[in-house]
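For reference, the structure is listed below as structure tokens.
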Amino acid sequence: MSNKTSVVVSLSLIAIMLIAGVVLYAQLPDPMPSHWNAAGEIDGYMSKFWGIFLMPIITVVLVPFFLVIPHIDPLKANIAKFRGVFNWFIVGFVVYMTFIYGLTMAAALGYNFNMTYMLLPVVGLLFIGIGCMMGKARRNFFIGIRTPWTLSSDTVWDETHKLGSKMFMIAGVLTIVSAFLGENGFWLMMVAVLVAAFVPIVYSYILWRRENP
């Protein structure tokens with residue numbers, strides 16, 4: 001995906017969130033649902049203003065940060081090698097935030113559904129997307145598994161991200177499966193994500209020790 005396309009799509013989705021919030025403002029309750037438990041039931045609320053605008057504000061802050069990373073990283077030439085994939089990640093992230101926003105608005109308007117069942121498959125797809133990006137990522141200071149050992153060696157970086165890519169995609173598949181396992185599915189997702197996050201960190205140290213016995 002080109003840089004321009006990622007910016008246009010991201011800004012369009014943010015605009016849709018803001019417009020929807022303004023249009024629906026009078027119909028939404030105060031307070032609004034803001035948190036769900038592992039069973040997918042509402043267990044937390046926040047004021048209407050923040051319930052409507054917090055998600056768009058977070059997205060507005062993060063998207064420019066994502067867009068500036070390729071320009072400020074000391075290893076920006078490496079980011080340029082997988083910039084297209086990174087652009088897909090940016091758009092995927094904004095789609096994810098828009099989807100959560102839509103679910104929040106629907107719950108506030110009184111639609112009855114299980115948030116866990118609705119959200120986990122999309123979270124799984126996000127993890128799969130992160131895994132795909134990891135497989136393409138080159139050594140840099142912002143994107144990927146950034147440990148002292150991966151940042152010190154291209155070989156350690158590449159091998160660690162090969163493993164991390166596979167583990168995050170597996171975690172994504174397990175997260176999708178967990179949506180159909182009821183409340184226990186939440187814990188399957190948590191274990192899968194924690195393993196995918198921490199095993200590559202340990203692996204990067206092992207690889208570095210092999211390079212530097």
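Ligands are numbered from 1 in the order shown, residues from 1 within each chain, and chains are lettered A, B, ... in the order they appear in the structure tokens.
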All residues 9 Å or closer to Leu125 in chain A, only C-alpha atoms, same chain fewer than 4 positions away omitted, as a PyMOL selection string
chain A and resi 120-121+129-130+169+172-173+175-176
I'd like the contact shell of range 132-145 of chain A - 10 Å cut-off, only C-alpha atoms, skipping same-chain residues fewer than 4 positions apart - returned as a VMD selection string.
chain A and resid 66 69 to 70 72 to 89 126 to 128 149 to 166 168 to 169 197 to 198 200 to 201 204
Residues flagged strand (DSSP E or B) by DSSP in range 34-170 of chain A, as a PyMOL selection string
chain A and resi 34-36+42-46
Those selected residues, please, written with C-alpha atoms and delivered as an mmCIF file, in the first residue's frame.
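Dumped to part-v7.cif:
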```cif
data_model
loop_
_atom_site.group_PDB
_atom_site.id
_atom_site.type_symbol
_atom_site.label_atom_id
_atom_site.label_comp_id
_atom_site.auth_asym_id
_atom_site.auth_seq_id
_atom_site.Cartn_x
_atom_site.Cartn_y
_atom_site.Cartn_z
ATOM 1 C CA SER A 34 -16.781 1.555 28.303
ATOM 2 C CA HIS A 35 -15.564 -1.814 29.566
ATOM 3 C CA TRP A 36 -16.562 -5.455 29.194
ATOM 4 C CA ILE A 42 -20.658 -4.622 30.349
ATOM 5 C CA ASP A 43 -18.959 -3.928 33.689
ATOM 6 C CA GLY A 44 -17.768 -0.329 33.345
ATOM 7 C CA TYR A 45 -19.034 3.079 32.212
ATOM 8 C CA MET A 46 -17.655 6.529 31.384
#
```
Using only C-alpha atoms, the best pick from A:Val123, A:Val191, A:Val8, A:Met55 as closest to Ile90 in chain A would be A:Val8
Pick from A:Val94, A:Val63, A:Ala106, A:Ala38 nearest to Gly21 in chain A, counting only C-alpha atoms:
A:Ala106
Just list as a tab-separated table (two decimals) with N, CA and C atoms, in the first residue's frame whatever in range 27-175 of chain A DSSP marks as alpha helix (DSSP H).
```tsv
chain	number	residue	atom	x	y	z
A	48	LYS	N	-20.48	10.48	28.71
A	48	LYS	CA	-20.83	10.45	27.29
A	48	LYS	C	-19.77	11.09	26.42
A	49	PHE	N	-19.24	12.25	26.83
A	49	PHE	CA	-18.26	12.93	26.00
A	49	PHE	C	-17.06	12.03	25.71
A	50	TRP	N	-16.49	11.46	26.78
A	50	TRP	CA	-15.31	10.61	26.57
A	50	TRP	C	-15.68	9.29	25.90
A	51	GLY	N	-16.87	8.78	26.18
A	51	GLY	CA	-17.30	7.56	25.52
A	51	GLY	C	-17.39	7.73	24.02
A	52	ILE	N	-17.77	8.93	23.57
A	52	ILE	CA	-17.90	9.19	22.14
A	52	ILE	C	-16.56	9.57	21.50
A	53	PHE	N	-15.77	10.37	22.19
A	53	PHE	CA	-14.61	10.96	21.53
A	53	PHE	C	-13.25	10.41	21.95
A	54	LEU	N	-13.20	9.57	23.00
A	54	LEU	CA	-11.89	9.06	23.43
A	54	LEU	C	-11.22	8.21	22.35
A	55	MET	N	-11.97	7.29	21.75
A	55	MET	CA	-11.40	6.40	20.73
A	55	MET	C	-10.90	7.18	19.52
A	56	PRO	N	-11.68	8.12	18.96
A	56	PRO	CA	-11.16	8.92	17.85
A	56	PRO	C	-9.93	9.74	18.24
A	57	ILE	N	-9.91	10.27	19.47
A	57	ILE	CA	-8.76	11.07	19.90
A	57	ILE	C	-7.50	10.20	19.97
A	58	ILE	N	-7.63	9.01	20.55
A	58	ILE	CA	-6.48	8.09	20.63
A	58	ILE	C	-5.97	7.78	19.23
A	59	THR	N	-6.89	7.52	18.30
A	59	THR	CA	-6.50	7.19	16.92
A	59	THR	C	-5.83	8.38	16.25
A	60	VAL	N	-6.38	9.58	16.47
A	60	VAL	CA	-5.80	10.80	15.89
A	60	VAL	C	-4.37	11.02	16.39
A	61	VAL	N	-4.10	10.67	17.63
A	61	VAL	CA	-2.76	10.84	18.20
A	61	VAL	C	-1.79	9.79	17.65
A	62	LEU	N	-2.25	8.55	17.56
A	62	LEU	CA	-1.34	7.45	17.19
A	62	LEU	C	-1.01	7.43	15.70
A	63	VAL	N	-1.98	7.73	14.85
A	63	VAL	CA	-1.73	7.65	13.41
A	63	VAL	C	-0.59	8.58	12.97
A	64	PRO	N	-0.58	9.87	13.36
A	64	PRO	CA	0.56	10.72	12.99
A	64	PRO	C	1.89	10.18	13.53
A	65	PHE	N	1.85	9.59	14.73
A	65	PHE	CA	3.07	9.00	15.28
A	65	PHE	C	3.56	7.86	14.38
A	66	PHE	N	2.64	6.99	13.96
A	66	PHE	CA	3.02	5.91	13.04
A	66	PHE	C	3.61	6.46	11.75
A	67	LEU	N	3.00	7.54	11.25
A	67	LEU	CA	3.43	8.10	9.96
A	67	LEU	C	4.80	8.78	10.04
A	68	VAL	N	5.14	9.29	11.22
A	68	VAL	CA	6.41	10.00	11.36
A	68	VAL	C	7.57	9.05	11.65
A	69	ILE	N	7.26	7.86	12.16
A	69	ILE	CA	8.32	6.89	12.50
A	69	ILE	C	9.30	6.65	11.35
A	70	PRO	N	8.82	6.40	10.12
A	70	PRO	CA	9.76	6.13	9.03
A	70	PRO	C	10.70	7.29	8.71
A	71	HIS	N	10.40	8.48	9.21
A	71	HIS	CA	11.22	9.65	8.91
A	71	HIS	C	12.21	9.99	10.02
A	72	ILE	N	11.95	9.53	11.24
A	72	ILE	CA	12.82	9.90	12.36
A	72	ILE	C	13.70	8.75	12.84
A	76	LYS	N	16.06	4.49	9.08
A	76	LYS	CA	14.87	4.65	8.23
A	76	LYS	C	15.04	3.99	6.87
A	77	ALA	N	16.27	3.80	6.43
A	77	ALA	CA	16.46	3.11	5.15
A	77	ALA	C	15.97	1.66	5.24
A	78	ASN	N	16.09	1.07	6.42
A	78	ASN	CA	15.58	-0.29	6.62
A	78	ASN	C	14.06	-0.31	6.64
A	79	ILE	N	13.44	0.71	7.25
A	79	ILE	CA	11.97	0.78	7.28
A	79	ILE	C	11.43	0.93	5.86
A	80	ALA	N	12.16	1.67	5.02
A	80	ALA	CA	11.72	1.87	3.64
A	80	ALA	C	11.58	0.54	2.90
A	83	ARG	N	8.08	-0.61	3.97
A	83	ARG	CA	7.13	0.47	4.21
A	83	ARG	C	5.72	0.11	3.73
A	84	GLY	N	5.62	-0.58	2.62
A	84	GLY	CA	4.29	-0.95	2.12
A	84	GLY	C	3.53	-1.80	3.11
A	85	VAL	N	4.22	-2.78	3.72
A	85	VAL	CA	3.60	-3.65	4.72
A	85	VAL	C	3.24	-2.84	5.96
A	86	PHE	N	4.12	-1.92	6.35
A	86	PHE	CA	3.85	-1.07	7.51
A	86	PHE	C	2.62	-0.20	7.27
A	87	ASN	N	2.46	0.28	6.05
A	87	ASN	CA	1.27	1.08	5.71
A	87	ASN	C	0.00	0.24	5.87
A	88	TRP	N	0.07	-1.02	5.48
A	88	TRP	CA	-1.07	-1.91	5.67
A	88	TRP	C	-1.38	-2.06	7.16
A	89	PHE	N	-0.33	-2.14	7.98
A	89	PHE	CA	-0.54	-2.25	9.42
A	89	PHE	C	-1.25	-1.00	9.96
A	90	ILE	N	-0.82	0.17	9.50
A	90	ILE	CA	-1.45	1.41	9.97
A	90	ILE	C	-2.94	1.40	9.66
A	91	VAL	N	-3.29	1.06	8.43
A	91	VAL	CA	-4.69	1.03	8.04
A	91	VAL	C	-5.43	-0.05	8.83
A	92	GLY	N	-4.80	-1.20	9.01
A	92	GLY	CA	-5.43	-2.27	9.78
A	92	GLY	C	-5.70	-1.85	11.21
A	93	PHE	N	-4.77	-1.11	11.80
A	93	PHE	CA	-4.95	-0.62	13.16
A	93	PHE	C	-6.14	0.34	13.23
A	94	VAL	N	-6.25	1.24	12.26
A	94	VAL	CA	-7.35	2.20	12.26
A	94	VAL	C	-8.68	1.48	12.04
A	95	VAL	N	-8.70	0.48	11.17
A	95	VAL	CA	-9.91	-0.33	10.97
A	95	VAL	C	-10.31	-1.00	12.28
A	96	TYR	N	-9.32	-1.52	12.99
A	96	TYR	CA	-9.57	-2.17	14.28
A	96	TYR	C	-10.18	-1.18	15.28
A	97	MET	N	-9.62	0.01	15.37
A	97	MET	CA	-10.14	1.03	16.28
A	97	MET	C	-11.55	1.45	15.88
A	98	THR	N	-11.79	1.56	14.57
A	98	THR	CA	-13.12	1.93	14.09
A	98	THR	C	-14.14	0.85	14.42
A	99	PHE	N	-13.72	-0.40	14.31
A	99	PHE	CA	-14.61	-1.51	14.63
A	99	PHE	C	-14.99	-1.50	16.11
A	100	ILE	N	-14.00	-1.29	16.98
A	100	ILE	CA	-14.28	-1.20	18.42
A	100	ILE	C	-15.23	-0.04	18.70
A	101	TYR	N	-14.97	1.08	18.03
A	101	TYR	CA	-15.81	2.26	18.20
A	101	TYR	C	-17.25	1.95	17.80
A	102	GLY	N	-17.42	1.26	16.68
A	102	GLY	CA	-18.75	0.90	16.22
A	102	GLY	C	-19.47	0.00	17.22
A	103	LEU	N	-18.74	-0.98	17.78
A	103	LEU	CA	-19.34	-1.87	18.77
A	103	LEU	C	-19.75	-1.09	20.02
A	104	THR	N	-18.90	-0.15	20.44
A	104	THR	CA	-19.20	0.66	21.62
A	104	THR	C	-20.46	1.49	21.40
A	105	MET	N	-20.56	2.11	20.22
A	105	MET	CA	-21.75	2.91	19.91
A	105	MET	C	-23.00	2.03	19.88
A	106	ALA	N	-22.87	0.84	19.29
A	106	ALA	CA	-24.02	-0.07	19.20
A	106	ALA	C	-24.49	-0.49	20.59
A	107	ALA	N	-23.53	-0.80	21.48
A	107	ALA	CA	-23.88	-1.19	22.84
A	107	ALA	C	-24.57	-0.04	23.58
A	108	ALA	N	-24.06	1.17	23.37
A	108	ALA	CA	-24.64	2.34	24.03
A	108	ALA	C	-26.06	2.62	23.53
A	115	MET	N	-19.75	-8.91	23.57
A	115	MET	CA	-18.58	-8.20	23.05
A	115	MET	C	-17.42	-9.14	22.76
A	116	THR	N	-17.23	-10.14	23.60
A	116	THR	CA	-16.12	-11.08	23.40
A	116	THR	C	-16.24	-11.79	22.07
A	117	TYR	N	-17.44	-12.30	21.76
A	117	TYR	CA	-17.64	-13.01	20.50
A	117	TYR	C	-17.40	-12.10	19.29
A	118	MET	N	-17.79	-10.85	19.44
A	118	MET	CA	-17.67	-9.90	18.34
A	118	MET	C	-16.23	-9.44	18.14
A	119	LEU	N	-15.51	-9.27	19.25
A	119	LEU	CA	-14.21	-8.61	19.18
A	119	LEU	C	-13.04	-9.56	18.93
A	120	LEU	N	-13.07	-10.74	19.54
A	120	LEU	CA	-11.90	-11.63	19.47
A	120	LEU	C	-11.49	-12.02	18.04
A	121	PRO	N	-12.44	-12.31	17.13
A	121	PRO	CA	-11.99	-12.63	15.77
A	121	PRO	C	-11.22	-11.50	15.10
A	122	VAL	N	-11.64	-10.25	15.38
A	122	VAL	CA	-10.94	-9.11	14.79
A	122	VAL	C	-9.58	-8.92	15.44
A	123	VAL	N	-9.50	-9.15	16.76
A	123	VAL	CA	-8.21	-9.10	17.44
A	123	VAL	C	-7.27	-10.16	16.85
A	124	GLY	N	-7.82	-11.34	16.58
A	124	GLY	CA	-7.03	-12.40	15.97
A	124	GLY	C	-6.48	-12.00	14.61
A	125	LEU	N	-7.31	-11.35	13.80
A	125	LEU	CA	-6.85	-10.89	12.48
A	125	LEU	C	-5.76	-9.83	12.64
A	126	LEU	N	-5.88	-8.98	13.67
A	126	LEU	CA	-4.84	-7.98	13.92
A	126	LEU	C	-3.52	-8.64	14.26
A	127	PHE	N	-3.56	-9.68	15.10
A	127	PHE	CA	-2.34	-10.40	15.45
A	127	PHE	C	-1.72	-11.06	14.22
A	128	ILE	N	-2.55	-11.63	13.36
A	128	ILE	CA	-2.04	-12.25	12.13
A	128	ILE	C	-1.37	-11.19	11.27
A	129	GLY	N	-1.98	-10.00	11.19
A	129	GLY	CA	-1.37	-8.92	10.43
A	129	GLY	C	-0.04	-8.49	11.01
A	130	ILE	N	0.04	-8.43	12.34
A	130	ILE	CA	1.32	-8.08	12.99
A	130	ILE	C	2.36	-9.14	12.68
A	131	GLY	N	1.94	-10.41	12.70
A	131	GLY	CA	2.87	-11.48	12.36
A	131	GLY	C	3.40	-11.36	10.95
A	132	CYS	N	2.53	-11.03	10.01
A	132	CYS	CA	2.96	-10.84	8.62
A	132	CYS	C	3.96	-9.70	8.52
A	133	MET	N	3.71	-8.60	9.23
A	133	MET	CA	4.63	-7.47	9.20
A	133	MET	C	5.97	-7.84	9.81
A	134	MET	N	5.96	-8.62	10.88
A	134	MET	CA	7.21	-9.04	11.51
A	134	MET	C	8.09	-9.82	10.54
A	135	GLY	N	7.44	-10.63	9.71
A	135	GLY	CA	8.21	-11.42	8.75
A	135	GLY	C	8.93	-10.58	7.73
A	136	LYS	N	8.46	-9.34	7.51
A	136	LYS	CA	9.07	-8.44	6.53
A	136	LYS	C	9.96	-7.38	7.17
A	148	PRO	N	17.91	-5.41	23.19
A	148	PRO	CA	19.33	-5.05	22.97
A	148	PRO	C	20.02	-6.01	22.02
A	149	TRP	N	19.53	-7.24	21.98
A	149	TRP	CA	20.22	-8.26	21.18
A	149	TRP	C	19.77	-8.22	19.72
A	150	THR	N	18.49	-7.96	19.45
A	150	THR	CA	18.07	-7.85	18.05
A	150	THR	C	18.62	-6.56	17.43
A	151	LEU	N	18.69	-5.49	18.22
A	151	LEU	CA	19.16	-4.22	17.68
A	151	LEU	C	20.67	-4.22	17.43
A	154	ASP	N	21.97	-7.83	12.73
A	154	ASP	CA	20.98	-8.12	11.69
A	154	ASP	C	20.57	-9.59	11.71
A	155	THR	N	21.53	-10.47	11.97
A	155	THR	CA	21.24	-11.90	11.99
A	155	THR	C	20.28	-12.25	13.11
A	156	VAL	N	20.57	-11.73	14.32
A	156	VAL	CA	19.69	-11.98	15.46
A	156	VAL	C	18.30	-11.39	15.20
A	157	TRP	N	18.26	-10.18	14.63
A	157	TRP	CA	16.98	-9.55	14.29
A	157	TRP	C	16.17	-10.43	13.34
A	158	ASP	N	16.80	-10.86	12.24
A	158	ASP	CA	16.08	-11.62	11.22
A	158	ASP	C	15.57	-12.95	11.76
A	159	GLU	N	16.42	-13.68	12.49
A	159	GLU	CA	16.01	-14.99	13.00
A	159	GLU	C	14.93	-14.85	14.08
A	160	THR	N	15.06	-13.84	14.92
A	160	THR	CA	14.06	-13.62	15.96
A	160	THR	C	12.71	-13.28	15.35
A	161	HIS	N	12.72	-12.47	14.30
A	161	HIS	CA	11.46	-12.07	13.67
A	161	HIS	C	10.84	-13.19	12.83
A	162	LYS	N	11.64	-14.10	12.35
A	162	LYS	CA	11.07	-15.27	11.69
A	162	LYS	C	10.24	-16.08	12.69
A	163	LEU	N	10.80	-16.27	13.89
A	163	LEU	CA	10.06	-16.99	14.92
A	163	LEU	C	8.87	-16.17	15.40
A	164	GLY	N	9.10	-14.88	15.67
A	164	GLY	CA	8.02	-14.02	16.15
A	164	GLY	C	6.86	-13.94	15.17
A	165	SER	N	7.17	-13.91	13.88
A	165	SER	CA	6.14	-13.86	12.85
A	165	SER	C	5.23	-15.08	12.94
A	166	LYS	N	5.83	-16.25	13.03
A	166	LYS	CA	5.05	-17.48	13.11
A	166	LYS	C	4.22	-17.54	14.39
A	167	MET	N	4.84	-17.11	15.50
A	167	MET	CA	4.15	-17.22	16.78
A	167	MET	C	2.97	-16.25	16.86
A	168	PHE	N	3.12	-15.06	16.30
A	168	PHE	CA	2.01	-14.11	16.34
A	168	PHE	C	0.88	-14.55	15.41
A	169	MET	N	1.22	-15.16	14.30
A	169	MET	CA	0.15	-15.66	13.43
A	169	MET	C	-0.58	-16.83	14.07
A	170	ILE	N	0.17	-17.70	14.76
A	170	ILE	CA	-0.48	-18.79	15.49
A	170	ILE	C	-1.36	-18.23	16.60
A	171	ALA	N	-0.83	-17.22	17.32
A	171	ALA	CA	-1.62	-16.58	18.38
A	171	ALA	C	-2.90	-15.96	17.80
A	172	GLY	N	-2.80	-15.41	16.59
A	172	GLY	CA	-3.97	-14.84	15.95
A	172	GLY	C	-5.02	-15.89	15.64
A	173	VAL	N	-4.58	-17.04	15.13
A	173	VAL	CA	-5.51	-18.13	14.83
A	173	VAL	C	-6.17	-18.62	16.11
A	174	LEU	N	-5.37	-18.80	17.17
A	174	LEU	CA	-5.92	-19.27	18.45
A	174	LEU	C	-6.89	-18.25	19.04
A	175	THR	N	-6.62	-16.97	18.82
A	175	THR	CA	-7.53	-15.93	19.30
A	175	THR	C	-8.87	-16.01	18.59
```
Just the number, please: distance in Å from CA of Ala26 in chain A to CA of Leu13 in chain A, one decimal.
21.6 Å
From the options A:Phe113, A:Val202, A:Leu11, A:Ala179, which residue's atoms come nearest to Arg146 in chain A, counting only C-alpha atoms?
A:Val202
Which of these residues is nearest to Leu24 in chain A, using only C-alpha atoms: A:Leu109, A:Val199, A:Leu207, A:Ala192?
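The answer is A:Leu109, which sits nearest to Leu24 in chain A.
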Quick one: of A:Ser6, A:Thr147, A:Gln27, A:Asn114, who's nearest to Phe180 in chain A, counting only C-alpha atoms?
A:Asn114
